[in-house]
file input-v1.cif (mmCIF, N, CA and C atoms)
data_target
#
loop_
_atom_site.label_atom_id
_atom_site.label_comp_id
_atom_site.auth_asym_id
_atom_site.auth_seq_id
_atom_site.Cartn_x
_atom_site.Cartn_y
_atom_site.Cartn_z
N MET Y 28 33.80 -22.05 38.27
CA MET Y 28 33.28 -21.45 37.06
C MET Y 28 33.80 -20.02 36.91
N LYS Y 29 33.87 -19.31 38.04
CA LYS Y 29 34.35 -17.93 37.98
C LYS Y 29 35.83 -17.90 37.57
N THR Y 30 36.60 -18.86 38.06
CA THR Y 30 38.02 -18.91 37.72
C THR Y 30 38.22 -19.15 36.24
N ARG Y 31 37.41 -20.03 35.66
CA ARG Y 31 37.51 -20.29 34.23
C ARG Y 31 37.23 -19.04 33.43
N PHE Y 32 36.21 -18.28 33.85
CA PHE Y 32 35.87 -17.04 33.15
C PHE Y 32 37.03 -16.05 33.24
N GLU Y 33 37.66 -15.96 34.42
CA GLU Y 33 38.78 -15.05 34.60
C GLU Y 33 39.96 -15.45 33.72
N ILE Y 34 40.23 -16.74 33.63
CA ILE Y 34 41.33 -17.22 32.80
C ILE Y 34 41.05 -16.93 31.33
N GLU Y 35 39.82 -17.21 30.89
CA GLU Y 35 39.46 -16.94 29.50
C GLU Y 35 39.55 -15.45 29.19
N SER Y 36 39.14 -14.61 30.14
CA SER Y 36 39.23 -13.17 29.94
C SER Y 36 40.67 -12.72 29.82
N LEU Y 37 41.52 -13.28 30.66
CA LEU Y 37 42.94 -12.94 30.62
C LEU Y 37 43.57 -13.38 29.30
N LEU Y 38 43.26 -14.60 28.87
CA LEU Y 38 43.81 -15.10 27.60
C LEU Y 38 43.30 -14.29 26.42
N THR Y 39 42.05 -13.88 26.46
CA THR Y 39 41.50 -13.05 25.38
C THR Y 39 42.21 -11.70 25.35
N ALA Y 40 42.45 -11.13 26.51
CA ALA Y 40 43.15 -9.84 26.57
C ALA Y 40 44.56 -9.97 26.01
N VAL Y 41 45.24 -11.06 26.34
CA VAL Y 41 46.60 -11.28 25.83
C VAL Y 41 46.56 -11.48 24.31
N ALA Y 42 45.57 -12.25 23.84
CA ALA Y 42 45.46 -12.49 22.40
C ALA Y 42 45.19 -11.22 21.63
N ILE Y 43 44.47 -10.31 22.23
CA ILE Y 43 44.21 -9.03 21.57
C ILE Y 43 45.44 -8.14 21.62
N ALA Y 44 46.16 -8.16 22.73
CA ALA Y 44 47.32 -7.28 22.90
C ALA Y 44 48.50 -7.72 22.06
N VAL Y 45 48.71 -9.02 21.90
CA VAL Y 45 49.88 -9.52 21.17
C VAL Y 45 49.89 -9.05 19.72
N PRO Y 46 48.78 -9.17 18.97
CA PRO Y 46 48.83 -8.66 17.60
C PRO Y 46 49.05 -7.15 17.53
N LEU Y 47 48.55 -6.41 18.52
CA LEU Y 47 48.75 -4.97 18.52
C LEU Y 47 50.22 -4.62 18.70
N THR Y 48 50.90 -5.33 19.60
CA THR Y 48 52.32 -5.06 19.77
C THR Y 48 53.12 -5.57 18.59
N ALA Y 49 52.67 -6.66 17.99
CA ALA Y 49 53.37 -7.19 16.82
C ALA Y 49 53.25 -6.24 15.64
N ASN Y 50 52.12 -5.57 15.51
CA ASN Y 50 51.94 -4.63 14.41
C ASN Y 50 52.73 -3.35 14.62
N ALA Y 51 53.09 -3.07 15.87
CA ALA Y 51 53.87 -1.87 16.14
C ALA Y 51 55.30 -2.00 15.61
N GLU Y 52 55.79 -3.23 15.51
CA GLU Y 52 57.13 -3.45 15.00
C GLU Y 52 57.10 -3.49 13.48
N PRO Y 53 58.00 -2.77 12.81
CA PRO Y 53 57.96 -2.75 11.35
C PRO Y 53 58.50 -4.03 10.71
N ALA Y 54 59.26 -4.83 11.44
CA ALA Y 54 59.85 -6.04 10.85
C ALA Y 54 58.77 -7.09 10.57
N ALA Y 55 58.87 -7.73 9.44
CA ALA Y 55 57.91 -8.76 9.06
C ALA Y 55 58.22 -10.06 9.78
N MET Y 56 57.19 -10.89 9.94
CA MET Y 56 57.37 -12.18 10.59
C MET Y 56 58.17 -13.08 9.66
N SER Y 57 59.11 -13.80 10.23
CA SER Y 57 59.94 -14.69 9.41
C SER Y 57 59.11 -15.87 8.93
N ALA Y 58 59.56 -16.49 7.87
CA ALA Y 58 58.86 -17.65 7.32
C ALA Y 58 58.88 -18.81 8.31
N GLU Y 59 59.98 -18.94 9.06
CA GLU Y 59 60.06 -20.01 10.04
C GLU Y 59 59.06 -19.80 11.17
N GLN Y 60 58.91 -18.56 11.64
CA GLN Y 60 57.95 -18.26 12.71
C GLN Y 60 56.53 -18.52 12.23
N GLN Y 61 56.26 -18.14 11.00
CA GLN Y 61 54.94 -18.37 10.44
C GLN Y 61 54.64 -19.87 10.33
N GLU Y 62 55.62 -20.64 9.90
CA GLU Y 62 55.44 -22.09 9.79
C GLU Y 62 55.24 -22.72 11.17
N ALA Y 63 55.98 -22.25 12.17
CA ALA Y 63 55.79 -22.75 13.52
C ALA Y 63 54.38 -22.44 14.02
N ASP Y 64 53.89 -21.24 13.71
CA ASP Y 64 52.53 -20.87 14.11
C ASP Y 64 51.49 -21.73 13.41
N TYR Y 65 51.70 -22.02 12.14
CA TYR Y 65 50.78 -22.90 11.42
C TYR Y 65 50.70 -24.27 12.08
N ARG Y 66 51.83 -24.81 12.46
CA ARG Y 66 51.86 -26.13 13.09
C ARG Y 66 51.14 -26.12 14.44
N VAL Y 67 51.31 -25.05 15.20
CA VAL Y 67 50.64 -24.94 16.50
C VAL Y 67 49.13 -24.84 16.31
N VAL Y 68 48.69 -24.06 15.34
CA VAL Y 68 47.26 -23.91 15.08
C VAL Y 68 46.67 -25.24 14.62
N ALA Y 69 47.38 -25.97 13.79
CA ALA Y 69 46.90 -27.28 13.34
C ALA Y 69 46.75 -28.22 14.53
N ALA Y 70 47.67 -28.16 15.47
CA ALA Y 70 47.59 -29.01 16.65
C ALA Y 70 46.45 -28.59 17.57
N ARG Y 71 46.23 -27.30 17.71
CA ARG Y 71 45.20 -26.80 18.63
C ARG Y 71 43.81 -26.97 18.06
N CYS Y 72 43.62 -26.72 16.79
CA CYS Y 72 42.28 -26.70 16.21
C CYS Y 72 41.89 -27.97 15.47
N GLY Y 73 42.84 -28.67 14.93
CA GLY Y 73 42.52 -29.84 14.11
C GLY Y 73 42.44 -31.12 14.91
N THR Y 74 41.96 -32.14 14.25
CA THR Y 74 41.94 -33.48 14.85
C THR Y 74 43.37 -34.03 14.83
N PRO Y 75 43.63 -35.10 15.56
CA PRO Y 75 44.98 -35.69 15.51
C PRO Y 75 45.38 -36.12 14.09
N ALA Y 76 44.43 -36.61 13.32
CA ALA Y 76 44.74 -37.00 11.94
C ALA Y 76 45.07 -35.78 11.08
N TYR Y 77 44.32 -34.70 11.29
CA TYR Y 77 44.57 -33.46 10.55
C TYR Y 77 45.95 -32.92 10.91
N GLU Y 78 46.26 -32.91 12.20
CA GLU Y 78 47.56 -32.41 12.64
C GLU Y 78 48.69 -33.23 12.03
N LYS Y 79 48.54 -34.55 12.01
CA LYS Y 79 49.58 -35.42 11.45
C LYS Y 79 49.77 -35.16 9.96
N ALA Y 80 48.65 -35.01 9.23
CA ALA Y 80 48.74 -34.74 7.79
C ALA Y 80 49.37 -33.37 7.53
N PHE Y 81 48.98 -32.37 8.31
CA PHE Y 81 49.54 -31.03 8.12
C PHE Y 81 51.03 -31.03 8.45
N PHE Y 82 51.40 -31.70 9.53
CA PHE Y 82 52.81 -31.75 9.93
C PHE Y 82 53.65 -32.43 8.86
N SER Y 83 53.13 -33.52 8.30
CA SER Y 83 53.87 -34.23 7.25
C SER Y 83 54.06 -33.35 6.03
N GLN Y 84 53.00 -32.66 5.62
CA GLN Y 84 53.11 -31.78 4.46
C GLN Y 84 54.04 -30.60 4.76
N SER Y 85 54.00 -30.10 5.99
CA SER Y 85 54.87 -28.99 6.38
C SER Y 85 56.34 -29.41 6.32
N LYS Y 86 56.64 -30.61 6.81
CA LYS Y 86 58.02 -31.09 6.73
C LYS Y 86 58.45 -31.29 5.28
N ALA Y 87 57.54 -31.75 4.43
CA ALA Y 87 57.86 -31.91 3.02
C ALA Y 87 58.12 -30.55 2.36
N ALA Y 88 57.36 -29.54 2.76
CA ALA Y 88 57.56 -28.20 2.21
C ALA Y 88 58.91 -27.64 2.66
N VAL Y 89 59.29 -27.91 3.88
CA VAL Y 89 60.60 -27.46 4.37
C VAL Y 89 61.70 -28.18 3.59
N ALA Y 90 61.54 -29.48 3.39
CA ALA Y 90 62.55 -30.26 2.66
C ALA Y 90 62.67 -29.82 1.20
N ALA Y 91 61.55 -29.37 0.62
CA ALA Y 91 61.56 -28.92 -0.78
C ALA Y 91 62.06 -27.49 -0.92
N GLY Y 92 62.26 -26.80 0.20
CA GLY Y 92 62.74 -25.43 0.15
C GLY Y 92 61.65 -24.40 -0.07
N LEU Y 93 60.40 -24.76 0.19
CA LEU Y 93 59.31 -23.80 0.00
C LEU Y 93 59.20 -22.81 1.15
N VAL Y 94 59.69 -23.18 2.33
CA VAL Y 94 59.58 -22.31 3.50
C VAL Y 94 60.74 -21.33 3.55
N ALA Y 95 61.94 -21.83 3.44
CA ALA Y 95 63.13 -20.98 3.48
C ALA Y 95 64.10 -21.46 2.41
N LYS Y 96 64.33 -20.61 1.45
CA LYS Y 96 65.25 -20.97 0.37
C LYS Y 96 66.70 -20.72 0.82
N ASN Y 97 67.61 -21.44 0.22
CA ASN Y 97 69.06 -21.27 0.44
C ASN Y 97 69.48 -21.55 1.88
N ARG Y 98 68.73 -22.39 2.59
CA ARG Y 98 69.14 -22.82 3.92
C ARG Y 98 68.91 -24.31 4.03
N PRO Y 99 69.76 -25.02 4.73
CA PRO Y 99 69.58 -26.47 4.87
C PRO Y 99 68.27 -26.79 5.59
N PRO Y 100 67.53 -27.79 5.09
CA PRO Y 100 66.24 -28.13 5.72
C PRO Y 100 66.36 -28.52 7.19
N ALA Y 101 67.43 -29.18 7.57
CA ALA Y 101 67.59 -29.56 8.98
C ALA Y 101 67.69 -28.33 9.88
N GLU Y 102 68.40 -27.32 9.41
CA GLU Y 102 68.53 -26.08 10.17
C GLU Y 102 67.19 -25.36 10.27
N VAL Y 103 66.42 -25.36 9.20
CA VAL Y 103 65.11 -24.72 9.20
C VAL Y 103 64.16 -25.45 10.16
N GLU Y 104 64.21 -26.79 10.17
CA GLU Y 104 63.37 -27.56 11.09
C GLU Y 104 63.71 -27.25 12.55
N LYS Y 105 65.00 -27.14 12.86
CA LYS Y 105 65.41 -26.80 14.23
C LYS Y 105 64.88 -25.42 14.61
N THR Y 106 64.95 -24.48 13.69
CA THR Y 106 64.47 -23.13 13.96
C THR Y 106 62.97 -23.13 14.19
N ILE Y 107 62.24 -23.87 13.36
CA ILE Y 107 60.78 -23.93 13.50
C ILE Y 107 60.41 -24.53 14.85
N THR Y 108 61.09 -25.58 15.25
CA THR Y 108 60.81 -26.21 16.54
C THR Y 108 61.09 -25.24 17.69
N ALA Y 109 62.15 -24.47 17.58
CA ALA Y 109 62.51 -23.53 18.64
C ALA Y 109 61.55 -22.35 18.71
N LEU Y 110 60.90 -22.01 17.61
CA LEU Y 110 60.04 -20.83 17.57
C LEU Y 110 58.58 -21.09 17.90
N ARG Y 111 58.23 -22.32 18.26
CA ARG Y 111 56.83 -22.63 18.56
C ARG Y 111 56.35 -21.82 19.75
N ARG Y 112 55.17 -21.23 19.58
CA ARG Y 112 54.58 -20.42 20.65
C ARG Y 112 53.42 -21.16 21.30
N SER Y 113 52.92 -20.59 22.37
CA SER Y 113 51.78 -21.17 23.07
C SER Y 113 50.54 -21.12 22.19
N PRO Y 114 49.75 -22.20 22.16
CA PRO Y 114 48.56 -22.19 21.33
C PRO Y 114 47.52 -21.17 21.79
N PHE Y 115 47.54 -20.80 23.06
CA PHE Y 115 46.58 -19.83 23.57
C PHE Y 115 46.87 -18.43 23.08
N VAL Y 116 48.09 -18.17 22.70
CA VAL Y 116 48.44 -16.86 22.13
C VAL Y 116 47.93 -16.77 20.69
N LEU Y 117 48.00 -17.87 19.97
CA LEU Y 117 47.62 -17.87 18.56
C LEU Y 117 46.13 -18.05 18.35
N VAL Y 118 45.49 -18.88 19.16
CA VAL Y 118 44.05 -19.13 19.04
C VAL Y 118 43.46 -18.95 20.43
N ALA Y 119 42.85 -17.80 20.68
CA ALA Y 119 42.36 -17.49 22.01
C ALA Y 119 41.16 -18.34 22.40
N ALA Y 120 40.25 -18.56 21.46
CA ALA Y 120 39.03 -19.31 21.76
C ALA Y 120 38.79 -20.35 20.68
N GLN Y 121 38.08 -21.39 21.05
CA GLN Y 121 37.77 -22.45 20.09
C GLN Y 121 36.93 -21.92 18.93
N SER Y 122 36.19 -20.84 19.14
CA SER Y 122 35.37 -20.29 18.07
C SER Y 122 36.22 -19.72 16.94
N ASP Y 123 37.48 -19.41 17.21
CA ASP Y 123 38.39 -18.90 16.18
C ASP Y 123 38.94 -20.01 15.29
N CYS Y 124 38.75 -21.25 15.70
CA CYS Y 124 39.35 -22.37 14.99
C CYS Y 124 38.82 -22.54 13.57
N ALA Y 125 37.54 -22.27 13.37
CA ALA Y 125 36.98 -22.48 12.03
C ALA Y 125 37.70 -21.63 10.99
N ALA Y 126 37.92 -20.36 11.30
CA ALA Y 126 38.62 -19.48 10.37
C ALA Y 126 40.07 -19.90 10.19
N GLN Y 127 40.71 -20.31 11.28
CA GLN Y 127 42.10 -20.74 11.21
C GLN Y 127 42.25 -22.00 10.37
N LEU Y 128 41.33 -22.95 10.57
CA LEU Y 128 41.39 -24.19 9.78
C LEU Y 128 41.12 -23.93 8.30
N LYS Y 129 40.25 -22.98 8.01
CA LYS Y 129 39.99 -22.62 6.62
C LYS Y 129 41.27 -22.09 5.97
N GLN Y 130 41.98 -21.24 6.70
CA GLN Y 130 43.24 -20.69 6.19
C GLN Y 130 44.27 -21.81 5.99
N LEU Y 131 44.35 -22.74 6.93
CA LEU Y 131 45.30 -23.84 6.80
C LEU Y 131 44.94 -24.75 5.64
N ASP Y 132 43.64 -24.96 5.39
CA ASP Y 132 43.22 -25.79 4.25
C ASP Y 132 43.63 -25.15 2.93
N GLU Y 133 43.49 -23.82 2.83
CA GLU Y 133 43.93 -23.12 1.62
C GLU Y 133 45.44 -23.26 1.44
N LEU Y 134 46.18 -23.15 2.54
CA LEU Y 134 47.63 -23.31 2.48
C LEU Y 134 48.00 -24.73 2.06
N ARG Y 135 47.31 -25.73 2.62
CA ARG Y 135 47.59 -27.12 2.25
C ARG Y 135 47.33 -27.38 0.78
N SER Y 136 46.24 -26.83 0.25
CA SER Y 136 45.94 -27.08 -1.17
C SER Y 136 46.97 -26.41 -2.07
N SER Y 137 47.38 -25.19 -1.75
CA SER Y 137 48.38 -24.52 -2.58
C SER Y 137 49.73 -25.21 -2.47
N ARG Y 138 50.08 -25.64 -1.27
CA ARG Y 138 51.35 -26.35 -1.10
C ARG Y 138 51.32 -27.70 -1.78
N GLY Y 139 50.18 -28.36 -1.73
CA GLY Y 139 50.06 -29.66 -2.38
C GLY Y 139 50.37 -29.56 -3.86
N ALA Y 140 49.85 -28.51 -4.50
CA ALA Y 140 50.12 -28.31 -5.92
C ALA Y 140 51.60 -28.01 -6.15
N LEU Y 141 52.19 -27.20 -5.29
CA LEU Y 141 53.62 -26.87 -5.44
C LEU Y 141 54.50 -28.09 -5.22
N LEU Y 142 54.14 -28.90 -4.23
CA LEU Y 142 54.94 -30.09 -3.96
C LEU Y 142 54.83 -31.10 -5.09
N LYS Y 143 53.63 -31.24 -5.67
CA LYS Y 143 53.46 -32.16 -6.79
C LYS Y 143 54.26 -31.69 -8.00
N SER Y 144 54.24 -30.39 -8.27
CA SER Y 144 54.98 -29.88 -9.42
C SER Y 144 56.49 -29.99 -9.21
N SER Y 145 56.95 -29.80 -7.98
CA SER Y 145 58.40 -29.92 -7.74
C SER Y 145 58.83 -31.39 -7.82
N ARG Y 146 57.97 -32.32 -7.42
CA ARG Y 146 58.30 -33.74 -7.56
C ARG Y 146 58.37 -34.12 -9.03
N GLY Y 147 57.42 -33.61 -9.81
CA GLY Y 147 57.43 -33.90 -11.25
C GLY Y 147 58.65 -33.33 -11.93
N ALA Y 148 59.08 -32.15 -11.51
CA ALA Y 148 60.26 -31.52 -12.10
C ALA Y 148 61.52 -32.32 -11.74
N ARG Y 149 61.57 -32.84 -10.51
CA ARG Y 149 62.73 -33.63 -10.09
C ARG Y 149 62.79 -34.96 -10.86
N LYS Y 150 61.62 -35.58 -11.08
CA LYS Y 150 61.60 -36.84 -11.82
C LYS Y 150 62.02 -36.63 -13.28
N ALA Y 151 61.57 -35.53 -13.87
CA ALA Y 151 61.94 -35.24 -15.26
C ALA Y 151 63.44 -34.95 -15.37
N ALA Y 152 64.01 -34.27 -14.38
CA ALA Y 152 65.43 -33.97 -14.41
C ALA Y 152 66.27 -35.22 -14.21
N ALA Y 153 65.73 -36.20 -13.49
CA ALA Y 153 66.48 -37.43 -13.23
C ALA Y 153 66.53 -38.32 -14.48
N ARG Y 154 65.61 -38.15 -15.39
CA ARG Y 154 65.58 -39.00 -16.60
C ARG Y 154 66.59 -38.63 -17.58
#
call {"tool": "encode", "arguments": {"input": "input-v1.cif", "output": "structure tokens"}}
result
Amino acid sequence: MKTRFEIESLLTAVAIAVPLTANAEPAAMSAEQQEADYRVVAARCGTPAYEKAFFSQSKAAVAAGLVAKNRPPAEVEKTITALRRSPFVLVAAQSDCAAQLKQLDELRSSRGALLKSSRGARKAAAR
């Protein structure tokens, strides 16, 4: 029990320190890194069905060019896969999952609307 507490304390300290060092750098997080983080959070906090649905929508967003414009989707997918971080760095405790899932749900709903509109635009252009 004591070891678990020590590990949780260490992970919490790392989770607090990582955003502080990230904020010290003036460069913004790339869209690919952000997408990789979203996928990790969905896997850590969501159910397997939620993770599968989020991953499918994320791949569709990459294919539609919503994540990175003017780059081939295959290249963007490779970059996202390479940039995946440890889930313990992104979500230190299970209590943080509710807020993270709320953010992912908002992202899914906004992307869903964008993906539907881009599909409709493609169908109209094909006619």
call {"tool": "resolve_selection", "arguments": {"input": "input-v1.cif", "expression": "the PyMOL selection byres (((chain Y and resi 81 and name CA) around 12) and name CA)", "output": "PyMOL selection string"}}
result
chain Y and resi 62-63+65-70+72-80+82-88+128+131-136+138-139
call {"tool": "atom_distance", "arguments": {"input": "input-v1.cif", "atom1": "CA of Glu102 (chain Y)", "atom2": "atom C of Met56 (chain Y)"}}
result
16.6 Å
call {"tool": "residues_near_point", "arguments": {"input": "input-v1.cif", "point": "(62.3, -25.3, 2.2)", "cutoff": "6.5 Å", "atoms": "only N, CA and C atoms", "output": "list in words"}}
result
Ala88, Val89, Ala90, Ala91, Gly92, Leu93, Val94, Ala95, Lys96 and Pro100 of chain Y
call {"tool": "select_by_dssp", "arguments": {"input": "input-v1.cif", "residues": "region 78-111 of chain Y", "states": "alpha helix (DSSP H)", "output": "PDB file with N, CA and C atoms, in the frame of the given file"}}
result
ATOM      1  N   GLU Y  78      46.260 -32.910  12.200  1.00  0.00           N
ATOM      2  CA  GLU Y  78      47.560 -32.410  12.640  1.00  0.00           C
ATOM      3  C   GLU Y  78      48.690 -33.230  12.030  1.00  0.00           C
ATOM      4  N   LYS Y  79      48.540 -34.550  12.010  1.00  0.00           N
ATOM      5  CA  LYS Y  79      49.580 -35.420  11.450  1.00  0.00           C
ATOM      6  C   LYS Y  79      49.770 -35.160   9.960  1.00  0.00           C
ATOM      7  N   ALA Y  80      48.650 -35.010   9.230  1.00  0.00           N
ATOM      8  CA  ALA Y  80      48.740 -34.740   7.790  1.00  0.00           C
ATOM      9  C   ALA Y  80      49.370 -33.370   7.530  1.00  0.00           C
ATOM     10  N   PHE Y  81      48.980 -32.370   8.310  1.00  0.00           N
ATOM     11  CA  PHE Y  81      49.540 -31.030   8.120  1.00  0.00           C
ATOM     12  C   PHE Y  81      51.030 -31.030   8.450  1.00  0.00           C
ATOM     13  N   PHE Y  82      51.400 -31.700   9.530  1.00  0.00           N
ATOM     14  CA  PHE Y  82      52.810 -31.750   9.930  1.00  0.00           C
ATOM     15  C   PHE Y  82      53.650 -32.430   8.860  1.00  0.00           C
ATOM     16  N   SER Y  83      53.130 -33.520   8.300  1.00  0.00           N
ATOM     17  CA  SER Y  83      53.870 -34.230   7.250  1.00  0.00           C
ATOM     18  C   SER Y  83      54.060 -33.350   6.030  1.00  0.00           C
ATOM     19  N   GLN Y  84      53.000 -32.660   5.620  1.00  0.00           N
ATOM     20  CA  GLN Y  84      53.110 -31.780   4.460  1.00  0.00           C
ATOM     21  C   GLN Y  84      54.040 -30.600   4.760  1.00  0.00           C
ATOM     22  N   SER Y  85      54.000 -30.100   5.990  1.00  0.00           N
ATOM     23  CA  SER Y  85      54.870 -28.990   6.380  1.00  0.00           C
ATOM     24  C   SER Y  85      56.340 -29.410   6.320  1.00  0.00           C
ATOM     25  N   LYS Y  86      56.640 -30.610   6.810  1.00  0.00           N
ATOM     26  CA  LYS Y  86      58.020 -31.090   6.730  1.00  0.00           C
ATOM     27  C   LYS Y  86      58.450 -31.290   5.280  1.00  0.00           C
ATOM     28  N   ALA Y  87      57.540 -31.750   4.430  1.00  0.00           N
ATOM     29  CA  ALA Y  87      57.860 -31.910   3.020  1.00  0.00           C
ATOM     30  C   ALA Y  87      58.120 -30.550   2.360  1.00  0.00           C
ATOM     31  N   ALA Y  88      57.360 -29.540   2.760  1.00  0.00           N
ATOM     32  CA  ALA Y  88      57.560 -28.200   2.210  1.00  0.00           C
ATOM     33  C   ALA Y  88      58.910 -27.640   2.660  1.00  0.00           C
ATOM     34  N   VAL Y  89      59.290 -27.910   3.880  1.00  0.00           N
ATOM     35  CA  VAL Y  89      60.600 -27.460   4.370  1.00  0.00           C
ATOM     36  C   VAL Y  89      61.700 -28.180   3.590  1.00  0.00           C
ATOM     37  N   ALA Y  90      61.540 -29.480   3.390  1.00  0.00           N
ATOM     38  CA  ALA Y  90      62.550 -30.260   2.660  1.00  0.00           C
ATOM     39  C   ALA Y  90      62.670 -29.820   1.200  1.00  0.00           C
ATOM     40  N   ALA Y  91      61.550 -29.370   0.620  1.00  0.00           N
ATOM     41  CA  ALA Y  91      61.560 -28.920  -0.780  1.00  0.00           C
ATOM     42  C   ALA Y  91      62.060 -27.490  -0.920  1.00  0.00           C
ATOM     43  N   PRO Y 100      67.530 -27.790   5.090  1.00  0.00           N
ATOM     44  CA  PRO Y 100      66.240 -28.130   5.720  1.00  0.00           C
ATOM     45  C   PRO Y 100      66.360 -28.520   7.190  1.00  0.00           C
ATOM     46  N   ALA Y 101      67.430 -29.180   7.570  1.00  0.00           N
ATOM     47  CA  ALA Y 101      67.590 -29.560   8.980  1.00  0.00           C
ATOM     48  C   ALA Y 101      67.690 -28.330   9.880  1.00  0.00           C
ATOM     49  N   GLU Y 102      68.400 -27.320   9.410  1.00  0.00           N
ATOM     50  CA  GLU Y 102      68.530 -26.080  10.170  1.00  0.00           C
ATOM     51  C   GLU Y 102      67.190 -25.360  10.270  1.00  0.00           C
ATOM     52  N   VAL Y 103      66.420 -25.360   9.200  1.00  0.00           N
ATOM     53  CA  VAL Y 103      65.110 -24.720   9.200  1.00  0.00           C
ATOM     54  C   VAL Y 103      64.160 -25.450  10.160  1.00  0.00           C
ATOM     55  N   GLU Y 104      64.210 -26.790  10.170  1.00  0.00           N
ATOM     56  CA  GLU Y 104      63.370 -27.560  11.090  1.00  0.00           C
ATOM     57  C   GLU Y 104      63.710 -27.250  12.550  1.00  0.00           C
ATOM     58  N   LYS Y 105      65.000 -27.140  12.860  1.00  0.00           N
ATOM     59  CA  LYS Y 105      65.410 -26.800  14.230  1.00  0.00           C
ATOM     60  C   LYS Y 105      64.880 -25.420  14.610  1.00  0.00           C
ATOM     61  N   THR Y 106      64.950 -24.480  13.690  1.00  0.00           N
ATOM     62  CA  THR Y 106      64.470 -23.130  13.960  1.00  0.00           C
ATOM     63  C   THR Y 106      62.970 -23.130  14.190  1.00  0.00           C
ATOM     64  N   ILE Y 107      62.240 -23.870  13.360  1.00  0.00           N
ATOM     65  CA  ILE Y 107      60.780 -23.930  13.500  1.00  0.00           C
ATOM     66  C   ILE Y 107      60.410 -24.530  14.850  1.00  0.00           C
ATOM     67  N   THR Y 108      61.090 -25.580  15.250  1.00  0.00           N
ATOM     68  CA  THR Y 108      60.810 -26.210  16.540  1.00  0.00           C
ATOM     69  C   THR Y 108      61.090 -25.240  17.690  1.00  0.00           C
ATOM     70  N   ALA Y 109      62.150 -24.470  17.580  1.00  0.00           N
ATOM     71  CA  ALA Y 109      62.510 -23.530  18.640  1.00  0.00           C
ATOM     72  C   ALA Y 109      61.550 -22.350  18.710  1.00  0.00           C
TER      73      ALA Y 109
END
call {"tool": "atom_distance", "arguments": {"input": "input-v1.cif", "atom1": "CA of Arg112 (chain Y)", "atom2": "CA of Arg71 (chain Y)"}}
result
11.5 Å
call {"tool": "resolve_selection", "arguments": {"input": "input-v1.cif", "expression": "the PyMOL selection byres ((chain Y and resi 110) around 8)", "output": "ChimeraX atom specification"}}
result
/Y:59-64,104-109,111-113
call {"tool": "atom_distance", "arguments": {"input": "input-v1.cif", "atom1": "atom C of Ser57 (chain Y)", "atom2": "CA of Val103 (chain Y)"}}
result
10.7 Å
call {"tool": "decode", "arguments": {"input": "input-v1.cif", "residues": "region 107-121 of chain Y", "atoms": "N, CA and C atoms", "output": "PDB file, in the first residue's frame"}}
result
ATOM      1  N   ILE Y 107       1.499  11.158 -35.770  1.00  0.00           N
ATOM      2  CA  ILE Y 107       0.664  11.045 -34.566  1.00  0.00           C
ATOM      3  C   ILE Y 107       1.026   9.785 -33.789  1.00  0.00           C
ATOM      4  N   THR Y 108       1.224   8.691 -34.483  1.00  0.00           N
ATOM      5  CA  THR Y 108       1.596   7.440 -33.820  1.00  0.00           C
ATOM      6  C   THR Y 108       2.946   7.575 -33.122  1.00  0.00           C
ATOM      7  N   ALA Y 109       3.879   8.251 -33.748  1.00  0.00           N
ATOM      8  CA  ALA Y 109       5.207   8.417 -33.167  1.00  0.00           C
ATOM      9  C   ALA Y 109       5.205   9.360 -31.968  1.00  0.00           C
ATOM     10  N   LEU Y 110       4.255  10.276 -31.905  1.00  0.00           N
ATOM     11  CA  LEU Y 110       4.237  11.284 -30.845  1.00  0.00           C
ATOM     12  C   LEU Y 110       3.432  10.891 -29.615  1.00  0.00           C
ATOM     13  N   ARG Y 111       2.886   9.684 -29.579  1.00  0.00           N
ATOM     14  CA  ARG Y 111       2.069   9.277 -28.425  1.00  0.00           C
ATOM     15  C   ARG Y 111       2.912   9.273 -27.157  1.00  0.00           C
ATOM     16  N   ARG Y 112       2.350   9.868 -26.112  1.00  0.00           N
ATOM     17  CA  ARG Y 112       3.042   9.931 -24.824  1.00  0.00           C
ATOM     18  C   ARG Y 112       2.405   8.968 -23.827  1.00  0.00           C
ATOM     19  N   SER Y 113       3.042   8.834 -22.695  1.00  0.00           N
ATOM     20  CA  SER Y 113       2.532   7.969 -21.637  1.00  0.00           C
ATOM     21  C   SER Y 113       1.220   8.532 -21.093  1.00  0.00           C
ATOM     22  N   PRO Y 114       0.232   7.672 -20.855  1.00  0.00           N
ATOM     23  CA  PRO Y 114      -1.038   8.172 -20.338  1.00  0.00           C
ATOM     24  C   PRO Y 114      -0.913   8.758 -18.935  1.00  0.00           C
ATOM     25  N   PHE Y 115       0.081   8.333 -18.178  1.00  0.00           N
ATOM     26  CA  PHE Y 115       0.256   8.858 -16.824  1.00  0.00           C
ATOM     27  C   PHE Y 115       0.761  10.285 -16.822  1.00  0.00           C
ATOM     28  N   VAL Y 116       1.388  10.698 -17.888  1.00  0.00           N
ATOM     29  CA  VAL Y 116       1.833  12.088 -18.010  1.00  0.00           C
ATOM     30  C   VAL Y 116       0.639  12.993 -18.312  1.00  0.00           C
ATOM     31  N   LEU Y 117      -0.287  12.497 -19.111  1.00  0.00           N
ATOM     32  CA  LEU Y 117      -1.425  13.305 -19.532  1.00  0.00           C
ATOM     33  C   LEU Y 117      -2.558  13.305 -18.526  1.00  0.00           C
ATOM     34  N   VAL Y 118      -2.812  12.162 -17.894  1.00  0.00           N
ATOM     35  CA  VAL Y 118      -3.886  12.048 -16.908  1.00  0.00           C
ATOM     36  C   VAL Y 118      -3.276  11.404 -15.669  1.00  0.00           C
ATOM     37  N   ALA Y 119      -2.961  12.224 -14.670  1.00  0.00           N
ATOM     38  CA  ALA Y 119      -2.267  11.723 -13.491  1.00  0.00           C
ATOM     39  C   ALA Y 119      -3.150  10.823 -12.643  1.00  0.00           C
ATOM     40  N   ALA Y 120      -4.411  11.188 -12.481  1.00  0.00           N
ATOM     41  CA  ALA Y 120      -5.310  10.417 -11.626  1.00  0.00           C
ATOM     42  C   ALA Y 120      -6.629  10.181 -12.341  1.00  0.00           C
ATOM     43  N   GLN Y 121      -7.306   9.125 -11.955  1.00  0.00           N
ATOM     44  CA  GLN Y 121      -8.595   8.811 -12.563  1.00  0.00           C
ATOM     45  C   GLN Y 121      -9.617   9.914 -12.313  1.00  0.00           C
TER      46      GLN Y 121
END
